[in-house]
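Listing of protein-v8.cif; format and content: mmCIF, C-alpha atoms.
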```cif
data_structure
#
loop_
_atom_site.label_atom_id
_atom_site.label_comp_id
_atom_site.auth_asym_id
_atom_site.auth_seq_id
_atom_site.Cartn_x
_atom_site.Cartn_y
_atom_site.Cartn_z
CA MET A 1 0.00 0.00 0.00
CA SER A 2 1.43 3.37 -0.99
CA THR A 3 2.15 6.16 1.49
CA TRP A 4 -0.02 8.53 -0.57
CA PHE A 5 -3.00 6.16 -0.31
CA ILE A 6 -2.57 6.07 3.47
CA VAL A 7 -2.44 9.87 3.58
CA LEU A 8 -5.63 10.08 1.51
CA CYS A 9 -7.40 7.67 3.83
CA VAL A 10 -6.29 9.61 6.89
CA PHE A 11 -7.50 12.94 5.49
CA SER A 12 -10.83 11.47 4.34
CA SER A 13 -11.44 10.22 7.87
CA VAL A 14 -10.54 13.40 9.74
CA GLY A 15 -13.29 15.52 8.27
CA PHE A 16 -11.68 18.03 5.96
CA SER A 17 -10.55 18.36 2.37
CA LEU A 18 -6.93 17.93 1.35
CA GLU A 19 -7.16 21.11 -0.75
CA ASN A 20 -8.78 23.26 1.93
CA PRO A 21 -9.09 22.28 5.61
CA ASN A 22 -11.96 24.78 6.01
CA ILE A 23 -14.11 22.69 3.65
CA PRO A 24 -15.67 19.48 5.06
CA VAL A 25 -14.65 16.36 3.17
CA ILE A 26 -18.36 15.61 2.71
CA ALA A 27 -19.23 19.09 1.35
CA LYS A 28 -19.71 17.85 -2.20
CA TYR A 29 -22.37 15.36 -1.04
CA PHE A 30 -24.85 17.72 0.65
CA GLY A 31 -27.53 17.38 -2.05
CA THR A 32 -30.00 20.28 -2.01
CA LYS A 33 -28.30 21.67 1.13
CA GLY A 34 -25.00 22.25 -0.69
CA ARG A 35 -23.18 25.46 -1.59
CA TYR A 36 -23.16 26.64 -5.19
CA GLU A 37 -19.36 26.94 -4.93
CA GLU A 38 -19.00 23.15 -4.63
CA VAL A 39 -20.57 22.82 -8.09
CA ASN A 40 -18.29 25.50 -9.57
CA PRO A 41 -15.13 25.38 -7.39
CA TYR A 42 -13.41 28.20 -9.32
CA LEU A 43 -15.83 30.54 -7.53
CA ILE A 44 -14.06 29.82 -4.24
CA ARG A 45 -11.10 31.80 -5.59
CA ASP A 46 -13.16 34.48 -7.35
CA ILE A 47 -16.90 34.62 -6.71
CA LEU A 48 -17.47 36.79 -9.81
CA ALA A 49 -15.47 34.62 -12.24
CA VAL A 50 -17.09 33.61 -15.53
CA ASN A 51 -15.92 31.58 -18.50
CA ARG A 52 -17.28 33.04 -21.71
CA SER A 53 -15.14 30.65 -23.74
CA SER A 54 -17.45 27.83 -22.62
CA LEU A 55 -20.10 29.36 -24.90
CA GLN A 56 -19.32 28.31 -28.45
CA PRO A 57 -21.84 29.72 -30.93
CA PRO A 58 -21.48 28.36 -34.44
CA SER A 59 -20.69 31.81 -35.83
CA PRO A 60 -18.99 34.95 -34.47
CA GLN A 61 -22.01 36.98 -35.58
CA CYS A 62 -24.40 35.20 -33.15
CA ARG A 63 -26.07 37.70 -30.84
CA GLU A 64 -28.34 37.14 -27.82
CA ILE A 65 -31.95 38.24 -28.27
CA HIS A 66 -33.62 36.75 -25.16
CA LEU A 67 -32.65 35.07 -21.90
CA THR A 68 -34.85 33.18 -19.46
CA ALA A 69 -33.40 32.21 -16.08
CA ILE A 70 -35.22 29.90 -13.66
CA ILE A 71 -33.39 30.14 -10.35
CA ARG A 72 -33.65 28.44 -6.99
CA HIS A 73 -33.56 30.73 -3.95
CA GLY A 74 -30.25 31.27 -2.16
CA THR A 75 -28.90 29.72 1.04
CA ARG A 76 -31.51 29.56 3.77
CA TYR A 77 -31.98 28.56 7.39
CA PRO A 78 -33.31 25.05 8.11
CA THR A 79 -37.06 24.52 8.25
CA SER A 80 -38.73 24.17 11.64
CA LYS A 81 -39.13 20.42 10.97
CA ASN A 82 -35.37 19.97 10.61
CA VAL A 83 -34.62 22.26 13.56
CA LYS A 84 -36.67 19.90 15.76
CA LYS A 85 -34.58 16.93 14.56
CA MET A 86 -31.35 18.86 15.23
CA GLU A 87 -32.50 19.76 18.76
CA LYS A 88 -33.23 16.11 19.48
CA LEU A 89 -29.76 15.05 18.32
CA TYR A 90 -28.09 17.87 20.24
CA LYS A 91 -29.83 16.82 23.47
CA LEU A 92 -28.82 13.19 22.93
CA VAL A 93 -25.17 14.13 22.39
CA GLN A 94 -25.22 16.41 25.44
CA SER A 95 -26.72 13.73 27.68
CA SER A 96 -25.14 10.52 26.41
CA ALA A 97 -22.01 11.05 24.28
CA ARG A 98 -18.72 9.99 25.85
CA GLY A 99 -15.27 10.36 24.39
CA LYS A 100 -12.02 12.27 24.48
CA ASP A 101 -11.89 13.48 20.90
CA ARG A 102 -11.32 17.22 20.63
CA TRP A 103 -14.18 17.75 18.20
CA LEU A 104 -16.63 16.05 20.58
CA HIS A 105 -15.35 18.14 23.48
CA GLU A 106 -15.97 21.20 21.30
CA ILE A 107 -19.60 20.15 20.67
CA LEU A 108 -20.14 19.47 24.37
CA THR A 109 -18.53 22.61 25.77
CA GLN A 110 -18.44 25.30 23.07
CA TRP A 111 -21.13 24.67 20.46
CA THR A 112 -24.63 25.86 21.32
CA MET A 113 -27.89 25.07 19.57
CA TRP A 114 -28.52 28.42 17.92
CA TYR A 115 -31.08 27.29 15.32
CA THR A 116 -34.67 28.15 16.27
CA GLU A 117 -37.96 27.02 14.78
CA ASP A 118 -38.96 30.57 13.82
CA MET A 119 -36.04 30.72 11.35
CA ASP A 120 -38.13 28.30 9.27
CA GLY A 121 -36.37 28.41 5.91
CA ARG A 122 -35.71 32.15 5.78
CA LEU A 123 -32.98 33.50 3.52
CA VAL A 124 -29.63 34.09 5.27
CA GLN A 125 -27.01 36.72 4.40
CA LYS A 126 -25.07 34.15 2.37
CA GLY A 127 -28.28 33.61 0.35
CA VAL A 128 -28.48 37.34 -0.36
CA GLU A 129 -24.91 37.21 -1.64
CA ASP A 130 -25.63 34.07 -3.70
CA LEU A 131 -28.19 35.92 -5.80
CA LYS A 132 -26.31 39.22 -5.98
CA HIS A 133 -23.22 37.44 -7.26
CA LEU A 134 -25.21 35.32 -9.71
CA ALA A 135 -26.77 38.48 -11.16
CA VAL A 136 -23.33 40.02 -11.72
CA ARG A 137 -21.93 36.84 -13.27
CA LEU A 138 -24.85 36.42 -15.67
CA SER A 139 -24.48 40.06 -16.74
CA LYS A 140 -20.79 39.37 -17.42
CA LEU A 141 -21.64 36.24 -19.40
CA PHE A 142 -24.35 37.99 -21.42
CA PRO A 143 -23.47 41.72 -21.27
CA THR A 144 -25.46 42.81 -24.32
CA ILE A 145 -28.74 41.52 -22.94
CA ILE A 146 -28.43 41.84 -19.16
CA SER A 147 -27.52 45.50 -19.33
CA GLU A 148 -28.29 48.73 -17.51
CA GLU A 149 -30.05 50.04 -20.61
CA LYS A 150 -32.41 47.06 -20.74
CA LEU A 151 -33.08 47.16 -17.01
CA ARG A 152 -33.89 50.87 -17.08
CA GLY A 153 -35.97 50.32 -20.21
CA GLY A 154 -38.23 47.82 -18.44
CA LEU A 155 -37.08 44.94 -20.63
CA ILE A 156 -35.98 42.74 -17.71
CA LYS A 157 -38.94 41.12 -15.92
CA PHE A 158 -38.88 39.46 -12.49
CA ILE A 159 -41.25 36.74 -11.29
CA THR A 160 -41.09 34.99 -7.91
CA SER A 161 -42.73 32.44 -5.65
CA SER A 162 -44.56 34.04 -2.72
CA LYS A 163 -42.27 32.39 -0.15
CA HIS A 164 -40.16 34.94 1.72
CA ARG A 165 -36.88 33.23 0.77
CA CYS A 166 -37.81 33.54 -2.92
CA VAL A 167 -39.03 37.13 -2.70
CA ASN A 168 -35.85 38.11 -0.84
CA SER A 169 -33.75 36.21 -3.39
CA THR A 170 -35.47 38.18 -6.17
CA LEU A 171 -34.75 41.45 -4.35
CA SER A 172 -31.12 40.32 -3.96
CA PHE A 173 -30.76 39.52 -7.68
CA LYS A 174 -32.11 42.99 -8.52
CA ALA A 175 -29.76 44.55 -5.96
CA GLY A 176 -26.82 42.78 -7.60
CA LEU A 177 -27.63 44.60 -10.84
CA THR A 178 -28.53 48.00 -9.38
CA GLU A 179 -25.47 48.10 -7.12
CA MET A 180 -23.19 47.10 -9.99
CA TRP A 181 -24.56 49.94 -12.12
CA ALA A 182 -25.01 52.34 -9.17
CA ILE A 183 -28.74 52.77 -9.92
CA THR A 184 -30.39 54.61 -7.04
CA ASP A 185 -33.05 56.72 -8.75
CA VAL A 186 -35.56 53.99 -9.63
CA GLU A 187 -36.96 50.74 -8.21
CA PHE A 188 -37.79 47.71 -10.32
CA GLN A 189 -40.94 45.72 -9.68
CA HIS A 190 -41.45 41.98 -9.48
CA ALA A 191 -44.57 39.83 -9.83
CA VAL A 192 -45.54 37.04 -7.42
CA ASN A 193 -46.84 34.03 -9.36
CA ASP A 194 -47.30 30.79 -7.42
CA ALA A 195 -49.19 29.16 -10.29
CA LEU A 196 -45.86 29.14 -12.16
CA MET A 197 -43.28 28.93 -9.40
CA ARG A 198 -45.16 26.66 -6.95
CA PHE A 199 -47.09 24.57 -9.47
CA PHE A 200 -46.49 21.49 -7.30
CA ASP A 201 -48.87 22.83 -4.63
CA LYS A 202 -51.68 23.21 -7.15
CA CYS A 203 -51.36 19.84 -8.94
CA THR A 204 -53.97 17.65 -7.20
CA LYS A 205 -52.76 14.36 -8.67
CA PHE A 206 -49.16 15.04 -7.59
CA VAL A 207 -50.19 16.15 -4.09
CA GLN A 208 -52.35 13.09 -3.44
CA GLU A 209 -50.42 10.36 -5.27
CA VAL A 210 -46.86 11.45 -4.40
CA ASP A 211 -46.42 14.37 -2.02
CA ASN A 212 -48.89 13.18 0.63
CA ASN A 213 -48.41 9.47 -0.06
CA PRO A 214 -45.87 7.82 2.30
CA SER A 215 -45.53 4.77 0.03
CA ALA A 216 -44.18 7.00 -2.77
CA LEU A 217 -40.82 6.99 -0.96
CA THR A 218 -40.62 3.22 -0.40
CA GLU A 219 -37.23 2.96 -2.14
CA MET A 220 -35.72 5.64 0.08
CA ASP A 221 -37.21 4.03 3.19
CA LYS A 222 -35.75 0.64 2.23
CA PHE A 223 -32.32 2.18 1.67
CA THR A 224 -32.34 4.00 5.00
CA GLN A 225 -32.99 0.62 6.67
CA GLY A 226 -30.48 -1.24 4.51
CA PRO A 227 -26.90 -2.35 5.17
CA GLU A 228 -25.14 0.76 3.84
CA MET A 229 -27.11 3.11 6.10
CA VAL A 230 -26.99 0.79 9.11
CA ARG A 231 -23.21 0.86 8.84
CA VAL A 232 -23.23 4.70 8.82
CA GLN A 233 -25.43 4.69 11.94
CA GLN A 234 -23.09 2.27 13.70
CA LYS A 235 -20.02 4.33 12.85
CA ILE A 236 -21.64 7.48 14.23
CA ALA A 237 -22.66 5.64 17.41
CA ASP A 238 -19.07 4.43 17.78
CA ARG A 239 -17.71 7.96 17.31
CA LEU A 240 -20.07 9.26 19.99
CA ASN A 241 -19.57 6.17 22.15
CA VAL A 242 -23.32 5.60 22.54
CA SER A 243 -25.50 2.51 22.08
CA TYR A 244 -26.35 1.62 18.48
CA HIS A 245 -30.11 1.76 19.10
CA LEU A 246 -29.90 5.48 19.94
CA ILE A 247 -28.71 6.49 16.47
CA THR A 248 -31.69 6.29 14.12
CA TYR A 249 -31.73 7.46 10.50
CA ASP A 250 -33.38 10.71 11.64
CA MET A 251 -30.41 11.29 13.97
CA VAL A 252 -27.94 10.66 11.14
CA GLU A 253 -29.86 13.04 8.86
CA ALA A 254 -29.91 15.71 11.59
CA ALA A 255 -26.13 15.44 12.04
CA PHE A 256 -25.60 15.61 8.28
CA TYR A 257 -27.78 18.72 8.06
CA LEU A 258 -26.01 20.35 11.02
CA CYS A 259 -22.71 19.96 9.19
CA ALA A 260 -24.31 21.20 5.93
CA TYR A 261 -26.02 24.27 7.41
CA GLU A 262 -23.02 25.33 9.49
CA PHE A 263 -20.93 25.22 6.31
CA ALA A 264 -23.47 26.77 3.93
CA ILE A 265 -24.50 29.59 6.29
CA LYS A 266 -21.27 30.38 8.13
CA THR A 267 -18.59 28.73 5.93
CA GLU A 268 -17.46 26.77 8.98
CA ASN A 269 -16.16 23.22 9.04
CA SER A 270 -18.22 22.39 12.11
CA PRO A 271 -17.25 19.69 14.62
CA TRP A 272 -20.52 18.00 13.63
CA CYS A 273 -18.86 17.20 10.29
CA ARG A 274 -16.42 14.91 12.11
CA LEU A 275 -19.24 12.42 12.61
CA PHE A 276 -18.90 11.48 8.92
CA ASP A 277 -16.17 10.26 6.61
CA GLU A 278 -16.36 10.53 2.82
CA ILE A 279 -17.99 7.10 2.37
CA ASP A 280 -20.69 8.09 4.86
CA GLY A 281 -21.24 11.28 2.85
CA GLN A 282 -21.73 9.27 -0.35
CA VAL A 283 -24.29 7.02 1.35
CA MET A 284 -26.18 10.03 2.70
CA GLU A 285 -26.16 11.70 -0.70
CA TYR A 286 -27.67 8.59 -2.28
CA ALA A 287 -30.45 8.47 0.34
CA LEU A 288 -31.29 12.11 -0.35
CA ASP A 289 -31.09 11.54 -4.12
CA LEU A 290 -33.55 8.65 -3.77
CA LYS A 291 -35.96 11.05 -2.06
CA GLN A 292 -35.66 13.65 -4.82
CA PHE A 293 -35.76 11.02 -7.60
CA TRP A 294 -39.02 9.51 -6.36
CA LYS A 295 -40.66 12.70 -5.10
CA ARG A 296 -39.66 15.27 -7.75
CA GLY A 297 -37.71 13.48 -10.47
CA TYR A 298 -38.02 10.45 -12.75
CA GLY A 299 -39.66 8.15 -10.17
CA TYR A 300 -43.24 8.94 -11.17
CA ASP A 301 -44.51 10.50 -14.40
CA ILE A 302 -46.66 13.05 -12.57
CA ASN A 303 -43.55 14.54 -10.90
CA SER A 304 -42.32 16.07 -14.15
CA LYS A 305 -45.75 16.54 -15.72
CA SER A 306 -46.75 18.77 -12.81
CA SER A 307 -44.34 21.35 -14.33
CA CYS A 308 -46.23 21.48 -17.66
CA ILE A 309 -47.54 24.95 -16.83
CA LEU A 310 -43.99 26.29 -16.39
CA PHE A 311 -42.75 24.40 -19.47
CA HIS A 312 -45.42 26.02 -21.66
CA ASP A 313 -44.77 29.43 -20.12
CA VAL A 314 -41.05 29.18 -20.95
CA PHE A 315 -41.64 28.17 -24.57
CA SER A 316 -44.34 30.79 -25.08
CA ARG A 317 -41.84 33.45 -23.97
CA LEU A 318 -39.21 32.04 -26.32
CA ASP A 319 -41.72 31.93 -29.20
CA LYS A 320 -42.82 35.49 -28.52
CA ALA A 321 -39.21 36.72 -28.52
CA VAL A 322 -38.49 34.92 -31.81
CA ASN A 323 -41.66 36.26 -33.47
CA GLU A 324 -40.97 39.84 -32.36
CA HIS A 325 -37.38 39.57 -33.56
CA HIS A 326 -38.39 38.15 -36.96
CA SER A 327 -40.98 40.89 -37.44
CA GLY A 328 -38.33 43.56 -36.90
CA GLN A 329 -39.65 44.69 -33.53
CA ALA A 330 -37.55 45.10 -30.41
CA VAL A 331 -37.97 42.08 -28.16
CA ASN A 332 -40.34 43.35 -25.48
CA GLU A 333 -39.07 41.01 -22.76
CA ALA A 334 -35.34 40.67 -23.30
CA VAL A 335 -34.76 38.90 -19.97
CA THR A 336 -37.07 36.96 -17.68
CA VAL A 337 -35.80 36.08 -14.19
CA GLN A 338 -38.00 33.57 -12.34
CA VAL A 339 -37.14 32.63 -8.75
CA GLY A 340 -38.53 29.51 -7.13
CA HIS A 341 -37.50 26.36 -5.33
CA ALA A 342 -35.60 23.12 -5.85
CA GLU A 343 -39.12 21.69 -6.24
CA THR A 344 -39.68 24.14 -9.11
CA LEU A 345 -36.47 23.38 -10.95
CA LEU A 346 -36.16 19.59 -10.64
CA PRO A 347 -39.52 18.65 -12.22
CA LEU A 348 -38.78 20.97 -15.15
CA LEU A 349 -35.25 19.58 -15.64
CA THR A 350 -36.82 16.11 -15.53
CA LEU A 351 -39.53 17.01 -18.05
CA LEU A 352 -36.80 18.29 -20.39
CA GLY A 353 -34.91 14.99 -19.95
CA PHE A 354 -31.74 16.29 -18.27
CA PHE A 355 -29.68 14.11 -15.90
CA LYS A 356 -31.47 10.88 -16.82
CA ASP A 357 -29.68 7.60 -16.18
CA SER A 358 -30.29 4.33 -17.99
CA GLU A 359 -31.16 2.67 -14.68
CA THR A 360 -33.80 3.72 -12.17
CA LEU A 361 -32.44 4.68 -8.76
CA THR A 362 -33.53 2.04 -6.23
CA SER A 363 -32.67 0.91 -2.72
CA THR A 364 -30.57 -1.98 -4.05
CA ASN A 365 -28.38 -0.43 -6.77
CA TYR A 366 -26.31 2.05 -4.77
CA ALA A 367 -23.02 0.44 -5.86
CA SER A 368 -23.86 0.48 -9.59
CA GLN A 369 -25.09 4.09 -9.43
CA ARG A 370 -21.82 5.59 -8.19
CA GLU A 371 -21.33 7.37 -11.54
CA ARG A 372 -24.97 8.40 -11.96
CA SER A 373 -26.02 11.64 -13.67
CA PHE A 374 -28.91 12.20 -11.26
CA ARG A 375 -26.94 13.79 -8.44
CA THR A 376 -28.71 16.62 -6.64
CA SER A 377 -25.45 17.88 -5.13
CA ARG A 378 -24.45 18.84 -8.67
CA MET A 379 -27.90 19.77 -9.97
CA LEU A 380 -29.62 21.60 -7.13
CA PRO A 381 -27.36 23.50 -4.75
CA TYR A 382 -28.63 26.79 -3.33
CA ALA A 383 -29.07 29.31 -6.20
CA ALA A 384 -29.18 26.48 -8.78
CA ASN A 385 -30.34 27.73 -12.15
CA LEU A 386 -31.49 26.78 -15.62
CA VAL A 387 -30.70 29.49 -18.17
CA LEU A 388 -32.01 29.42 -21.74
CA VAL A 389 -30.51 31.91 -24.18
CA LEU A 390 -31.84 32.61 -27.67
CA PHE A 391 -29.24 33.66 -30.25
CA ASP A 392 -29.71 35.16 -33.69
CA CYS A 393 -26.88 33.79 -35.82
CA GLY A 394 -27.87 35.57 -39.06
CA GLY A 395 -30.88 35.42 -41.32
CA ARG A 396 -33.51 33.23 -39.68
CA ASP A 397 -30.88 31.10 -37.93
CA ILE A 398 -32.20 31.21 -34.34
CA ARG A 399 -30.47 28.97 -31.81
CA LEU A 400 -31.03 28.12 -28.16
CA GLN A 401 -28.27 27.52 -25.61
CA PRO A 402 -29.18 25.82 -22.32
CA LEU A 403 -26.99 26.23 -19.25
CA VAL A 404 -27.36 24.52 -15.88
CA ASN A 405 -25.56 26.26 -13.03
CA GLU A 406 -23.77 28.45 -15.61
CA GLN A 407 -22.34 25.45 -17.48
CA PRO A 408 -23.49 24.72 -21.06
CA VAL A 409 -25.42 21.46 -21.36
CA VAL A 410 -26.80 19.55 -24.33
CA PHE A 411 -30.52 19.01 -24.87
CA PRO A 412 -31.31 15.28 -24.58
CA GLY A 413 -31.89 13.77 -28.00
CA LEU A 414 -29.80 16.45 -29.72
CA ALA A 415 -26.38 15.27 -28.51
CA ASP A 416 -25.42 14.02 -31.97
CA GLN A 417 -25.54 17.52 -33.46
CA GLN A 418 -22.20 19.09 -34.30
CA GLU A 419 -23.04 22.43 -32.74
CA SER A 420 -23.36 22.88 -28.99
CA MET A 421 -26.08 25.43 -29.70
CA PRO A 422 -28.90 23.73 -31.65
CA LEU A 423 -31.49 25.38 -33.87
CA TYR A 424 -34.54 26.51 -31.93
CA GLU A 425 -36.83 24.76 -34.42
CA ASP A 426 -34.97 21.47 -33.85
CA ILE A 427 -35.53 21.83 -30.12
CA LYS A 428 -39.22 22.47 -30.66
CA ARG A 429 -39.42 19.33 -32.80
CA GLN A 430 -37.66 17.40 -30.04
CA TYR A 431 -40.31 18.50 -27.54
CA ALA A 432 -43.25 18.51 -29.98
CA GLU A 433 -45.24 15.94 -28.02
CA LEU A 434 -45.03 18.04 -24.85
CA LEU A 435 -45.63 21.32 -26.70
CA ASN A 436 -48.76 19.90 -28.33
CA GLY A 437 -49.99 18.25 -25.13
CA CYS A 438 -48.87 18.27 -21.52
CA ASP A 439 -51.96 20.20 -20.46
CA TYR A 440 -51.54 21.09 -16.79
CA GLU A 441 -55.24 20.87 -15.91
CA THR A 442 -55.55 17.46 -17.53
CA VAL A 443 -52.39 15.85 -16.15
CA CYS A 444 -53.07 17.14 -12.62
CA GLU A 445 -56.68 15.98 -12.52
CA LEU A 446 -57.33 12.89 -10.42
CA PHE A 447 -59.06 10.01 -12.21
CA LYS A 448 -62.62 9.75 -11.02
CA PRO A 449 -64.40 6.39 -11.41
CA ALA A 450 -67.56 6.49 -13.47
CA GLU A 451 -70.81 6.69 -11.54
CA PRO A 452 -72.46 3.23 -11.20
#
```

Is it possible to express this structure as structure tokens?
Amino acid sequence: MSTWFIVLCVFSSVGFSLENPNIPVIAKYFGTKGRYEEVNPYLIRDILAVNRSSLQPPSPQCREIHLTAIIRHGTRYPTSKNVKKMEKLYKLVQSSARGKDRWLHEILTQWTMWYTEDMDGRLVQKGVEDLKHLAVRLSKLFPTIISEEKLRGGLIKFITSSKHRCVNSTLSFKAGLTEMWAITDVEFQHAVNDALMRFFDKCTKFVQEVDNNPSALTEMDKFTQGPEMVRVQQKIADRLNVSYHLITYDMVEAAFYLCAYEFAIKTENSPWCRLFDEIDGQVMEYALDLKQFWKRGYGYDINSKSSCILFHDVFSRLDKAVNEHHSGQAVNEAVTVQVGHAETLLPLLTLLGFFKDSETLTSTNYASQRERSFRTSRMLPYAANLVLVLFDCGGRDIRLQPLVNEQPVVFPGLADQQESMPLYEDIKRQYAELLNGCDYETVCELFKPAEP
């Protein structure tokens, strides 16, 4: 066994990254509780860095004519439900944990339970910065369309979910632009639209068959009771020197979230992170991915179909921009910024076919899914975003570039095309079945048996 391998094993078991001891070794496995910087690590060095060379239009004359951005809110406090779980774990550790490790001594004597139920998912200061910085980076990536002139001209529209974390994220995105351009003489309005940004609340079939149906998460439940998770529970019990029966899956999840929130909110490698090694982090990520897969992703057809209303709204905006451009008019809505939730973004990404694996995620195929595409840590960190940019490349050559978390991606089914930026008409053909159907009212309606 090589010395370097031993060093790697030691560092992976002591709770911090080889590259940066301030970053927990499990930081890249936090799922929807992860930092945006773990997805794009170059931002750790420069939070405003962009890579315009990653955009490769087929011709130098290609120019942006419209941009739609669907964005998850920024970093937030835990919900009251998770705070209760954290409090329970904290009390258990205070009353029962025994050991001489320094990190445990720190939890017992220095760390205090500062999360309160009234925080309940509110945006934190880091979340404000997430959206401000994203606004600046998108304006640097697409300077001709996200511009002061277009903002002042009313050509940039803002839509948000009614949840406070989304409204405050929208205000933060706007502040990123106005502060960059030193605009102080005018305020820019936003519209609250839960029909678009919280469609999952309104879709009766989804609510009854998936969201409020405990059996919908059977695969996750099986995995959390399976051998991989039992081993994680035992390792945590050993580290705390408590009986195995005291460490349930809920306790493990609470510890994982404590590590995640301390890092996301305060950029601290908390002593709670020392309860996990990298393998534990991978197991936890898979459990959380199973939850998202079956509750919001490819697990059930209604999960993605519930986003039909947002899908049609996006394409109607794109169509309108193309039609206005072709008719020689100025595009009336040059930029649309829509702020919602992970639950807004994931069904839409699923409906569009992104991050789909050949195998379904189940409780029994953890080992074979190590290289899966469906990984929420990569897809859905705080401030996750899907950006669609229309380009005019001359004549009637209109193309559409999708980006996920500021990285260009390829539309499923169009990967064989030479250009990274396909023709808009080809994309519409690819999604013709959805564009001609996928009626929100119909897909969300519960089947009612005929009267006898």

Would you mind listing what lies within 12 Å of segment 327-330 of chain A as a PDB file with C-alpha atoms, keeping the file's coordinate frame, with all atoms listed in the file counted and same-chain residues fewer than 3 positions away left out?
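Saved to part23.pdb:
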```
ATOM      1  CA  ILE A  65     -31.950  38.240 -28.270  1.00  0.00           C
ATOM      2  CA  HIS A  66     -33.620  36.750 -25.160  1.00  0.00           C
ATOM      3  CA  LYS A 150     -32.410  47.060 -20.740  1.00  0.00           C
ATOM      4  CA  GLY A 153     -35.970  50.320 -20.210  1.00  0.00           C
ATOM      5  CA  LEU A 155     -37.080  44.940 -20.630  1.00  0.00           C
ATOM      6  CA  LYS A 320     -42.820  35.490 -28.520  1.00  0.00           C
ATOM      7  CA  ALA A 321     -39.210  36.720 -28.520  1.00  0.00           C
ATOM      8  CA  VAL A 322     -38.490  34.920 -31.810  1.00  0.00           C
ATOM      9  CA  ASN A 323     -41.660  36.260 -33.470  1.00  0.00           C
ATOM     10  CA  GLU A 324     -40.970  39.840 -32.360  1.00  0.00           C
ATOM     11  CA  GLU A 333     -39.070  41.010 -22.760  1.00  0.00           C
ATOM     12  CA  ALA A 334     -35.340  40.670 -23.300  1.00  0.00           C
ATOM     13  CA  GLY A 395     -30.880  35.420 -41.320  1.00  0.00           C
ATOM     14  CA  ARG A 396     -33.510  33.230 -39.680  1.00  0.00           C
TER      15      ARG A 396
END
```

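Across A:Cys259, A:Ala342, A:Val192, A:Cys203, the tightest approach to Gly297 of chain A is made by A:Ala342 when counting all atoms listed in the file.
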
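Each of A:Gln282, A:Ser307, A:Ser54, A:Thr32 was checked against Ala383 of chain A using only C-alpha atoms; the smallest atom-to-atom distance is that of A:Thr32.
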
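The gap separating atom CA of Ile236 of chain A from atom CA of Leu217 of chain A is 24.5 Å, in Å to one decimal.
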
Inset, instruction - Convert the output of the PyMOL selection byres ((chain A and resi 123) around 12) on the shown file into explicit residues, formatted as a PyMOL selection string. - result: chain A and resi 72-79+119-122+124-131+163-172+264-265+382-383

Write out as a CSV table (one decimal) with C-alpha atoms, keeping the file's coordinate frame which residues come within 10 Å of Ile146 of chain A when counting all atoms listed in the file, dropping same-chain ones fewer than 2 positions away.
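around32.csv, freshly written:
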```
chain,number,residue,atom,x,y,z
A,64,GLU,CA,-28.3,37.1,-27.8
A,66,HIS,CA,-33.6,36.8,-25.2
A,67,LEU,CA,-32.6,35.1,-21.9
A,135,ALA,CA,-26.8,38.5,-11.2
A,136,VAL,CA,-23.3,40.0,-11.7
A,138,LEU,CA,-24.8,36.4,-15.7
A,139,SER,CA,-24.5,40.1,-16.7
A,140,LYS,CA,-20.8,39.4,-17.4
A,141,LEU,CA,-21.6,36.2,-19.4
A,142,PHE,CA,-24.4,38.0,-21.4
A,143,PRO,CA,-23.5,41.7,-21.3
A,144,THR,CA,-25.5,42.8,-24.3
A,148,GLU,CA,-28.3,48.7,-17.5
A,149,GLU,CA,-30.0,50.0,-20.6
A,150,LYS,CA,-32.4,47.1,-20.7
A,151,LEU,CA,-33.1,47.2,-17.0
A,155,LEU,CA,-37.1,44.9,-20.6
A,156,ILE,CA,-36.0,42.7,-17.7
A,177,LEU,CA,-27.6,44.6,-10.8
A,334,ALA,CA,-35.3,40.7,-23.3
A,335,VAL,CA,-34.8,38.9,-20.0
```

I would like the residues chosen by the PyMOL selection byres ((chain A and resi 194) around 12) on the shown file; could you give them as a tab-separated table (two decimals) with C-alpha atoms, in the frame of the given file?
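Below is the file selection.tsv, written as the result:
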```
chain	number	residue	atom	x	y	z
A	159	ILE	CA	-41.25	36.74	-11.29
A	160	THR	CA	-41.09	34.99	-7.91
A	161	SER	CA	-42.73	32.44	-5.65
A	162	SER	CA	-44.56	34.04	-2.72
A	163	LYS	CA	-42.27	32.39	-0.15
A	166	CYS	CA	-37.81	33.54	-2.92
A	167	VAL	CA	-39.03	37.13	-2.70
A	191	ALA	CA	-44.57	39.83	-9.83
A	192	VAL	CA	-45.54	37.04	-7.42
A	193	ASN	CA	-46.84	34.03	-9.36
A	195	ALA	CA	-49.19	29.16	-10.29
A	196	LEU	CA	-45.86	29.14	-12.16
A	197	MET	CA	-43.28	28.93	-9.40
A	198	ARG	CA	-45.16	26.66	-6.95
A	199	PHE	CA	-47.09	24.57	-9.47
A	200	PHE	CA	-46.49	21.49	-7.30
A	201	ASP	CA	-48.87	22.83	-4.63
A	202	LYS	CA	-51.68	23.21	-7.15
A	203	CYS	CA	-51.36	19.84	-8.94
A	309	ILE	CA	-47.54	24.95	-16.83
A	310	LEU	CA	-43.99	26.29	-16.39
A	338	GLN	CA	-38.00	33.57	-12.34
A	339	VAL	CA	-37.14	32.63	-8.75
A	340	GLY	CA	-38.53	29.51	-7.13
A	341	HIS	CA	-37.50	26.36	-5.33
A	344	THR	CA	-39.68	24.14	-9.11
```

Legend entry - Long-range neighbours of Phe411 of chain A as number ranges by chain, 9 Å cut-off, all atoms listed in the file, 2 positions minimum in chain: A: 352-354, 401-402, 409, 413-415, 422, 427, 430
